[in-house]
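Peer 1: My structure is stored as model-v7.tsv, with TSV, N, CA and C atoms and all ligand atoms.
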```tsv
chain	number	residue	atom	x	y	z
A	766	MET	N	0.84	-1.21	0.00
A	766	MET	CA	0.00	0.00	0.00
A	766	MET	C	0.87	1.26	0.00
A	767	ASN	N	0.55	2.14	-0.84
A	767	ASN	CA	1.30	3.39	-0.90
A	767	ASN	C	0.47	4.54	-0.37
A	768	LYS	N	0.80	4.95	0.81
A	768	LYS	CA	0.12	6.11	1.36
A	768	LYS	C	0.60	7.35	0.63
A	769	LYS	N	-0.32	8.23	0.31
A	769	LYS	CA	0.08	9.44	-0.36
A	769	LYS	C	0.34	10.53	0.68
A	770	TRP	N	1.57	10.96	0.73
A	770	TRP	CA	1.94	11.94	1.72
A	770	TRP	C	1.73	13.34	1.19
A	771	THR	N	1.18	14.17	2.00
A	771	THR	CA	1.07	15.60	1.68
A	771	THR	C	1.86	16.35	2.75
A	772	ILE	N	2.09	17.59	2.51
A	772	ILE	CA	2.86	18.37	3.49
A	772	ILE	C	2.14	18.42	4.83
A	773	GLU	N	0.81	18.39	4.80
A	773	GLU	CA	0.05	18.37	6.06
A	773	GLU	C	0.23	17.06	6.81
A	774	ASN	N	0.15	15.96	6.06
A	774	ASN	CA	0.39	14.63	6.66
A	774	ASN	C	1.75	14.56	7.30
A	775	ILE	N	2.73	15.05	6.55
A	775	ILE	CA	4.10	14.95	7.02
A	775	ILE	C	4.29	15.80	8.27
A	776	ARG	N	3.73	16.99	8.26
A	776	ARG	CA	3.88	17.84	9.44
A	776	ARG	C	3.28	17.18	10.68
A	777	GLU	N	2.13	16.56	10.48
A	777	GLU	CA	1.48	15.86	11.58
A	777	GLU	C	2.33	14.69	12.06
A	778	TYR	N	2.86	13.94	11.10
A	778	TYR	CA	3.71	12.80	11.44
A	778	TYR	C	4.93	13.25	12.23
A	779	VAL	N	5.55	14.32	11.76
A	779	VAL	CA	6.76	14.82	12.42
A	779	VAL	C	6.43	15.28	13.84
A	780	THR	N	5.32	15.97	13.98
A	780	THR	CA	4.93	16.46	15.30
A	780	THR	C	4.64	15.32	16.27
A	781	LYS	N	3.97	14.29	15.76
A	781	LYS	CA	3.59	13.18	16.64
A	781	LYS	C	4.72	12.22	16.94
A	782	ASN	N	5.64	12.06	15.98
A	782	ASN	CA	6.63	10.99	16.10
A	782	ASN	C	8.04	11.45	16.38
A	783	SER	N	8.23	12.71	16.60
A	783	SER	CA	9.59	13.17	16.86
A	783	SER	C	9.55	14.44	17.71
A	784	GLU	N	10.73	14.86	18.12
A	784	GLU	CA	10.87	16.11	18.87
A	784	GLU	C	11.10	17.27	17.92
A	785	SER	N	11.21	16.94	16.63
A	785	SER	CA	11.54	17.97	15.65
A	785	SER	C	10.28	18.60	15.08
A	786	LYS	N	10.50	19.71	14.38
A	786	LYS	CA	9.39	20.40	13.71
A	786	LYS	C	9.68	20.49	12.23
A	787	LEU	N	8.65	20.44	11.43
A	787	LEU	CA	8.82	20.58	10.00
A	787	LEU	C	8.74	22.06	9.63
A	788	LEU	N	9.76	22.53	8.93
A	788	LEU	CA	9.79	23.93	8.51
A	788	LEU	C	9.38	24.10	7.05
A	789	SER	N	9.57	23.06	6.25
A	789	SER	CA	9.20	23.15	4.85
A	789	SER	C	7.69	23.32	4.71
A	790	THR	N	7.29	24.03	3.68
A	790	THR	CA	5.86	24.25	3.47
A	790	THR	C	5.36	23.60	2.20
A	791	GLU	N	6.27	22.93	1.47
A	791	GLU	CA	5.86	22.25	0.25
A	791	GLU	C	6.52	20.89	0.19
A	792	TYR	N	5.83	19.94	-0.40
A	792	TYR	CA	6.38	18.61	-0.55
A	792	TYR	C	6.18	18.15	-1.99
A	793	HIS	N	7.29	17.77	-2.62
A	793	HIS	CA	7.22	17.40	-4.04
A	793	HIS	C	7.59	15.96	-4.30
A	794	GLY	N	7.79	15.18	-3.27
A	794	GLY	CA	8.12	13.77	-3.51
A	794	GLY	C	9.25	13.30	-2.63
A	795	PHE	N	9.46	11.99	-2.68
A	795	PHE	CA	10.37	11.34	-1.73
A	795	PHE	C	11.82	11.78	-1.88
A	796	SER	N	12.20	12.25	-3.06
A	796	SER	CA	13.60	12.61	-3.25
A	796	SER	C	13.89	14.03	-2.78
A	797	GLN	N	12.85	14.75	-2.41
A	797	GLN	CA	13.04	16.13	-1.99
A	797	GLN	C	13.51	16.19	-0.54
A	798	LYS	N	14.48	17.05	-0.29
A	798	LYS	CA	14.90	17.25	1.09
A	798	LYS	C	13.97	18.23	1.77
A	799	LEU	N	13.56	17.86	2.95
A	799	LEU	CA	12.70	18.74	3.73
A	799	LEU	C	13.52	19.40	4.82
A	800	LEU	N	13.08	20.57	5.23
A	800	LEU	CA	13.80	21.30	6.26
A	800	LEU	C	13.10	21.10	7.60
A	801	PHE	N	13.87	20.65	8.57
A	801	PHE	CA	13.35	20.40	9.91
A	801	PHE	C	14.06	21.28	10.92
A	802	LYS	N	13.42	21.49	12.05
A	802	LYS	CA	14.08	22.13	13.17
A	802	LYS	C	14.15	21.13	14.31
A	803	CYS	N	15.36	20.85	14.73
A	803	CYS	CA	15.57	19.89	15.79
A	803	CYS	C	15.15	20.50	17.13
A	804	SER	N	14.91	19.63	18.12
A	804	SER	CA	14.53	20.13	19.45
A	804	SER	C	15.66	20.91	20.10
A	805	CYS	N	16.91	20.70	19.62
A	805	CYS	CA	18.05	21.44	20.16
A	805	CYS	C	18.14	22.83	19.53
A	806	GLY	N	17.31	23.12	18.54
A	806	GLY	CA	17.28	24.44	17.94
A	806	GLY	C	17.98	24.53	16.60
A	807	GLN	N	18.66	23.47	16.23
A	807	GLN	CA	19.39	23.47	14.97
A	807	GLN	C	18.50	23.02	13.82
A	808	ASN	N	18.65	23.68	12.67
A	808	ASN	CA	17.92	23.25	11.49
A	808	ASN	C	18.68	22.15	10.76
A	809	PHE	N	17.96	21.22	10.18
A	809	PHE	CA	18.62	20.19	9.38
A	809	PHE	C	17.72	19.78	8.23
A	810	GLU	N	18.38	19.26	7.17
A	810	GLU	CA	17.67	18.84	5.97
A	810	GLU	C	17.76	17.34	5.80
A	811	LYS	N	16.67	16.74	5.37
A	811	LYS	CA	16.63	15.31	5.20
A	811	LYS	C	15.44	14.98	4.31
A	812	THR	N	15.56	13.91	3.55
A	812	THR	CA	14.35	13.47	2.84
A	812	THR	C	13.41	12.83	3.86
A	813	PHE	N	12.14	12.85	3.54
A	813	PHE	CA	11.18	12.29	4.48
A	813	PHE	C	11.38	10.79	4.64
A	814	THR	N	11.79	10.13	3.56
A	814	THR	CA	12.08	8.70	3.63
A	814	THR	C	13.12	8.39	4.69
A	815	LYS	N	14.18	9.16	4.69
A	815	LYS	CA	15.22	8.95	5.69
A	815	LYS	C	14.72	9.27	7.09
A	816	PHE	N	14.05	10.37	7.19
A	816	PHE	CA	13.54	10.80	8.48
A	816	PHE	C	12.67	9.72	9.10
A	817	LYS	N	11.81	9.18	8.27
A	817	LYS	CA	10.82	8.21	8.75
A	817	LYS	C	11.44	6.83	8.94
A	818	GLY	N	12.28	6.40	7.98
A	818	GLY	CA	12.71	5.02	7.95
A	818	GLY	C	13.94	4.71	8.77
A	819	ASN	N	14.84	5.64	8.91
A	819	ASN	CA	16.14	5.30	9.49
A	819	ASN	C	16.34	5.84	10.90
A	820	ASN	N	15.24	6.19	11.53
A	820	ASN	CA	15.36	6.72	12.88
A	820	ASN	C	16.25	7.95	12.96
A	821	GLN	N	16.21	8.75	11.92
A	821	GLN	CA	17.01	9.97	11.91
A	821	GLN	C	16.09	11.16	12.14
A	822	ARG	N	15.56	11.21	13.33
A	822	ARG	CA	14.52	12.20	13.57
A	822	ARG	C	15.01	13.41	14.31
A	823	SER	N	16.32	13.58	14.34
A	823	SER	CA	16.88	14.81	14.87
A	823	SER	C	18.04	15.22	13.99
A	824	CYS	N	18.68	16.35	14.33
A	824	CYS	CA	19.82	16.79	13.55
A	824	CYS	C	20.98	15.83	13.74
A	825	SER	N	22.00	15.94	12.92
A	825	SER	CA	23.10	14.98	12.98
A	825	SER	C	23.81	15.01	14.33
A	826	ASP	N	23.82	16.16	14.98
A	826	ASP	CA	24.44	16.24	16.30
A	826	ASP	C	23.70	15.38	17.32
A	827	CYS	N	22.38	15.42	17.28
A	827	CYS	CA	21.60	14.69	18.27
A	827	CYS	C	21.50	13.21	17.91
A	828	VAL	N	21.59	12.89	16.63
A	828	VAL	CA	21.49	11.50	16.18
A	828	VAL	C	22.77	10.74	16.46
A	829	ALA	N	23.89	11.43	16.40
A	829	ALA	CA	25.18	10.78	16.55
A	829	ALA	C	25.28	10.05	17.88
A	830	PRO	N	25.77	8.82	17.85
A	830	PRO	CA	25.91	8.06	19.08
A	830	PRO	C	26.96	8.68	20.01
A	831	ARG	N	26.69	8.60	21.28
A	831	ARG	CA	27.67	9.13	22.24
A	831	ARG	C	28.80	8.13	22.40
A	832	PRO	N	30.03	8.53	22.09
A	832	PRO	CA	31.14	7.58	22.15
A	832	PRO	C	31.45	7.10	23.57
A	833	SER	N	31.14	7.90	24.57
A	833	SER	CA	31.52	7.55	25.93
A	833	SER	C	30.56	6.54	26.57
A	834	ARG	N	29.36	6.36	25.96
A	834	ARG	CA	28.46	5.38	26.54
A	834	ARG	C	28.14	4.27	25.57
B	901	ZN	ZN	19.65	18.46	17.49
```
Once more with this new file: its structure as structure tokens, please.
Peer 2:
Amino acid sequence: MNKKWTIENIREYVTKNSESKLLSTEYHGFSQKLLFKCSCGQNFEKTFTKFKGNNQRSCSDCVAPRPSR
């Protein structure tokens, strides 16, 4: 099943499933990078596929594993 994503759907998904916010106001397809704002305040770009599928729901700083733990 292929759910058709719209910018409204995506914004809702991002709000419900992450600490980040969606800043982009248009969505043109899976290959498009969307602009997000991480909960740490940093903006980051990612395709929605990556955001959704790879557990990359924050900026690269917050996603990066902590080496000390
Ligand atoms: Zn962050």
Peer 1: Report as a PDB file with N, CA and C atoms, in the frame of the given file all protein, DNA and RNA residues lying within 6 Å of Phe801 of chain A, evaluated on all atoms listed in the file, omitting residues in the same chain fewer than 5 positions from it.
Peer 2:
```pdb
ATOM      1  N   LYS A 786      10.500  19.710  14.380  1.00  0.00           N
ATOM      2  CA  LYS A 786       9.390  20.400  13.710  1.00  0.00           C
ATOM      3  C   LYS A 786       9.680  20.490  12.230  1.00  0.00           C
ATOM      4  N   LEU A 787       8.650  20.440  11.430  1.00  0.00           N
ATOM      5  CA  LEU A 787       8.820  20.580  10.000  1.00  0.00           C
ATOM      6  C   LEU A 787       8.740  22.060   9.630  1.00  0.00           C
ATOM      7  N   LEU A 788       9.760  22.530   8.930  1.00  0.00           N
ATOM      8  CA  LEU A 788       9.790  23.930   8.510  1.00  0.00           C
ATOM      9  C   LEU A 788       9.380  24.100   7.050  1.00  0.00           C
ATOM     10  N   SER A 789       9.570  23.060   6.250  1.00  0.00           N
ATOM     11  CA  SER A 789       9.200  23.150   4.850  1.00  0.00           C
ATOM     12  C   SER A 789       7.690  23.320   4.710  1.00  0.00           C
ATOM     13  N   GLN A 807      18.660  23.470  16.230  1.00  0.00           N
ATOM     14  CA  GLN A 807      19.390  23.470  14.970  1.00  0.00           C
ATOM     15  C   GLN A 807      18.500  23.020  13.820  1.00  0.00           C
ATOM     16  N   ASN A 808      18.650  23.680  12.670  1.00  0.00           N
ATOM     17  CA  ASN A 808      17.920  23.250  11.490  1.00  0.00           C
ATOM     18  C   ASN A 808      18.680  22.150  10.760  1.00  0.00           C
ATOM     19  N   PHE A 809      17.960  21.220  10.180  1.00  0.00           N
ATOM     20  CA  PHE A 809      18.620  20.190   9.380  1.00  0.00           C
ATOM     21  C   PHE A 809      17.720  19.780   8.230  1.00  0.00           C
ATOM     22  N   GLU A 810      18.380  19.260   7.170  1.00  0.00           N
ATOM     23  CA  GLU A 810      17.670  18.840   5.970  1.00  0.00           C
ATOM     24  C   GLU A 810      17.760  17.340   5.800  1.00  0.00           C
ATOM     25  N   LYS A 811      16.670  16.740   5.370  1.00  0.00           N
ATOM     26  CA  LYS A 811      16.630  15.310   5.200  1.00  0.00           C
ATOM     27  C   LYS A 811      15.440  14.980   4.310  1.00  0.00           C
TER      28      LYS A 811
END
```
Peer 1: Do a neighbour search on Phe813 of chain A at 8 Å with all atoms listed in the file, toss out local chain neighbours closer than 5 positions, and write the hits as a ChimeraX atom specification.
Peer 2: /A:775,794-800,818-819
Peer 1: If I put a ball of radius 6 Å at (3.9, 21.1, 5.1) in the file's coordinates, which residues poke into it when counting only C-alpha atoms, written as a list of chain:residue names?
Peer 2: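 The residues that fall inside the cut-off are A:Ile772, A:Glu773, A:Arg776, A:Ser789, A:Thr790, A:Glu791.
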Peer 1: Atom N of Ser823 of chain A and atom CA of Tyr792 of chain A are how many Å apart?
Peer 2: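 Taking atom N of Ser823 of chain A as the start and atom CA of Tyr792 of chain A as the end point, the length is 18.6 Å.
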Peer 1: Neighbours of ligand ZN 901 (chain B) at 6.5 Å or closer, counting all atoms listed in the file: which residues, as a PDB file with N, CA and C atoms, keeping the file's coordinate frame?
Peer 2:
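Produced file selection09.pdb, reproduced below:
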```
ATOM      1  N   CYS A 803      15.360  20.850  14.730  1.00  0.00           N
ATOM      2  CA  CYS A 803      15.570  19.890  15.790  1.00  0.00           C
ATOM      3  C   CYS A 803      15.150  20.500  17.130  1.00  0.00           C
ATOM      4  N   SER A 804      14.910  19.630  18.120  1.00  0.00           N
ATOM      5  CA  SER A 804      14.530  20.130  19.450  1.00  0.00           C
ATOM      6  C   SER A 804      15.660  20.910  20.100  1.00  0.00           C
ATOM      7  N   CYS A 805      16.910  20.700  19.620  1.00  0.00           N
ATOM      8  CA  CYS A 805      18.050  21.440  20.160  1.00  0.00           C
ATOM      9  C   CYS A 805      18.140  22.830  19.530  1.00  0.00           C
ATOM     10  N   GLY A 806      17.310  23.120  18.540  1.00  0.00           N
ATOM     11  CA  GLY A 806      17.280  24.440  17.940  1.00  0.00           C
ATOM     12  C   GLY A 806      17.980  24.530  16.600  1.00  0.00           C
ATOM     13  N   GLN A 807      18.660  23.470  16.230  1.00  0.00           N
ATOM     14  CA  GLN A 807      19.390  23.470  14.970  1.00  0.00           C
ATOM     15  C   GLN A 807      18.500  23.020  13.820  1.00  0.00           C
ATOM     16  N   SER A 823      16.320  13.580  14.340  1.00  0.00           N
ATOM     17  CA  SER A 823      16.880  14.810  14.870  1.00  0.00           C
ATOM     18  C   SER A 823      18.040  15.220  13.990  1.00  0.00           C
ATOM     19  N   CYS A 824      18.680  16.350  14.330  1.00  0.00           N
ATOM     20  CA  CYS A 824      19.820  16.790  13.550  1.00  0.00           C
ATOM     21  C   CYS A 824      20.980  15.830  13.740  1.00  0.00           C
ATOM     22  N   SER A 825      22.000  15.940  12.920  1.00  0.00           N
ATOM     23  CA  SER A 825      23.100  14.980  12.980  1.00  0.00           C
ATOM     24  C   SER A 825      23.810  15.010  14.330  1.00  0.00           C
ATOM     25  N   ASP A 826      23.820  16.160  14.980  1.00  0.00           N
ATOM     26  CA  ASP A 826      24.440  16.240  16.300  1.00  0.00           C
ATOM     27  C   ASP A 826      23.700  15.380  17.320  1.00  0.00           C
ATOM     28  N   CYS A 827      22.380  15.420  17.280  1.00  0.00           N
ATOM     29  CA  CYS A 827      21.600  14.690  18.270  1.00  0.00           C
ATOM     30  C   CYS A 827      21.500  13.210  17.910  1.00  0.00           C
ATOM     31  N   VAL A 828      21.590  12.890  16.630  1.00  0.00           N
ATOM     32  CA  VAL A 828      21.490  11.500  16.180  1.00  0.00           C
ATOM     33  C   VAL A 828      22.770  10.740  16.460  1.00  0.00           C
TER      34      VAL A 828
END
```
Peer 1: Per DSSP on the backbone, what are the helix (DSSP H, G or I) residues of chain A, as a list in words?
Peer 2: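 For chain A, the helix (DSSP H, G or I) set is Ile772, Glu773, Asn774, Ile775, Arg776, Glu777, Tyr778, Val779, Thr780, Lys781, Asn782, Phe813, Thr814, Lys815, Phe816, Lys817, Gly818, Ser825, Asp826, Cys827 and Val828 of chain A.
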Peer 1: Keeping N, CA and C atoms, export the residues of the selection given above as a compact mmCIF listing (two decimals), keeping the file's coordinate frame.
Peer 2:
```txt
# COMPACT_ATOMS: atom_id res chain seq x y z
N ILE A 772 2.09 17.59 2.51
CA ILE A 772 2.86 18.37 3.49
C ILE A 772 2.14 18.42 4.83
N GLU A 773 0.81 18.39 4.80
CA GLU A 773 0.05 18.37 6.06
C GLU A 773 0.23 17.06 6.81
N ASN A 774 0.15 15.96 6.06
CA ASN A 774 0.39 14.63 6.66
C ASN A 774 1.75 14.56 7.30
N ILE A 775 2.73 15.05 6.55
CA ILE A 775 4.10 14.95 7.02
C ILE A 775 4.29 15.80 8.27
N ARG A 776 3.73 16.99 8.26
CA ARG A 776 3.88 17.84 9.44
C ARG A 776 3.28 17.18 10.68
N GLU A 777 2.13 16.56 10.48
CA GLU A 777 1.48 15.86 11.58
C GLU A 777 2.33 14.69 12.06
N TYR A 778 2.86 13.94 11.10
CA TYR A 778 3.71 12.80 11.44
C TYR A 778 4.93 13.25 12.23
N VAL A 779 5.55 14.32 11.76
CA VAL A 779 6.76 14.82 12.42
C VAL A 779 6.43 15.28 13.84
N THR A 780 5.32 15.97 13.98
CA THR A 780 4.93 16.46 15.30
C THR A 780 4.64 15.32 16.27
N LYS A 781 3.97 14.29 15.76
CA LYS A 781 3.59 13.18 16.64
C LYS A 781 4.72 12.22 16.94
N ASN A 782 5.64 12.06 15.98
CA ASN A 782 6.63 10.99 16.10
C ASN A 782 8.04 11.45 16.38
N PHE A 813 12.14 12.85 3.54
CA PHE A 813 11.18 12.29 4.48
C PHE A 813 11.38 10.79 4.64
N THR A 814 11.79 10.13 3.56
CA THR A 814 12.08 8.70 3.63
C THR A 814 13.12 8.39 4.69
N LYS A 815 14.18 9.16 4.69
CA LYS A 815 15.22 8.95 5.69
C LYS A 815 14.72 9.27 7.09
N PHE A 816 14.05 10.37 7.19
CA PHE A 816 13.54 10.80 8.48
C PHE A 816 12.67 9.72 9.10
N LYS A 817 11.81 9.18 8.27
CA LYS A 817 10.82 8.21 8.75
C LYS A 817 11.44 6.83 8.94
N GLY A 818 12.28 6.40 7.98
CA GLY A 818 12.71 5.02 7.95
C GLY A 818 13.94 4.71 8.77
N SER A 825 22.00 15.94 12.92
CA SER A 825 23.10 14.98 12.98
C SER A 825 23.81 15.01 14.33
N ASP A 826 23.82 16.16 14.98
CA ASP A 826 24.44 16.24 16.30
C ASP A 826 23.70 15.38 17.32
N CYS A 827 22.38 15.42 17.28
CA CYS A 827 21.60 14.69 18.27
C CYS A 827 21.50 13.21 17.91
N VAL A 828 21.59 12.89 16.63
CA VAL A 828 21.49 11.50 16.18
C VAL A 828 22.77 10.74 16.46
```
Peer 1: Please return, as a list in words, all residues of chain A that DSSP assigns to strand (DSSP E or B) on the basis of the backbone.
Peer 2: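 DSSP on the backbone gives strand (DSSP E or B) at Lys786, Leu787, Lys798, Leu799, Leu800, Phe801, Lys802, Asn808, Phe809, Glu810, Lys811 and Thr812 of chain A.
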Peer 1: Quick one: distance from atom CA of Lys768 of chain A to atom CA of Arg822 of chain A in Å, one decimal?
Peer 2: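 Atom CA of Arg822 of chain A lies at a distance of 19.8 Å from atom CA of Lys768 of chain A.
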Peer 1: What does the structure give for the distance between atom CA of Lys769 of chain A and atom N of Ala829 of chain A, in Å to one decimal?
Peer 2: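 Value for the atom CA of Lys769 of chain A-atom N of Ala829 of chain A distance: 29.2 Å.
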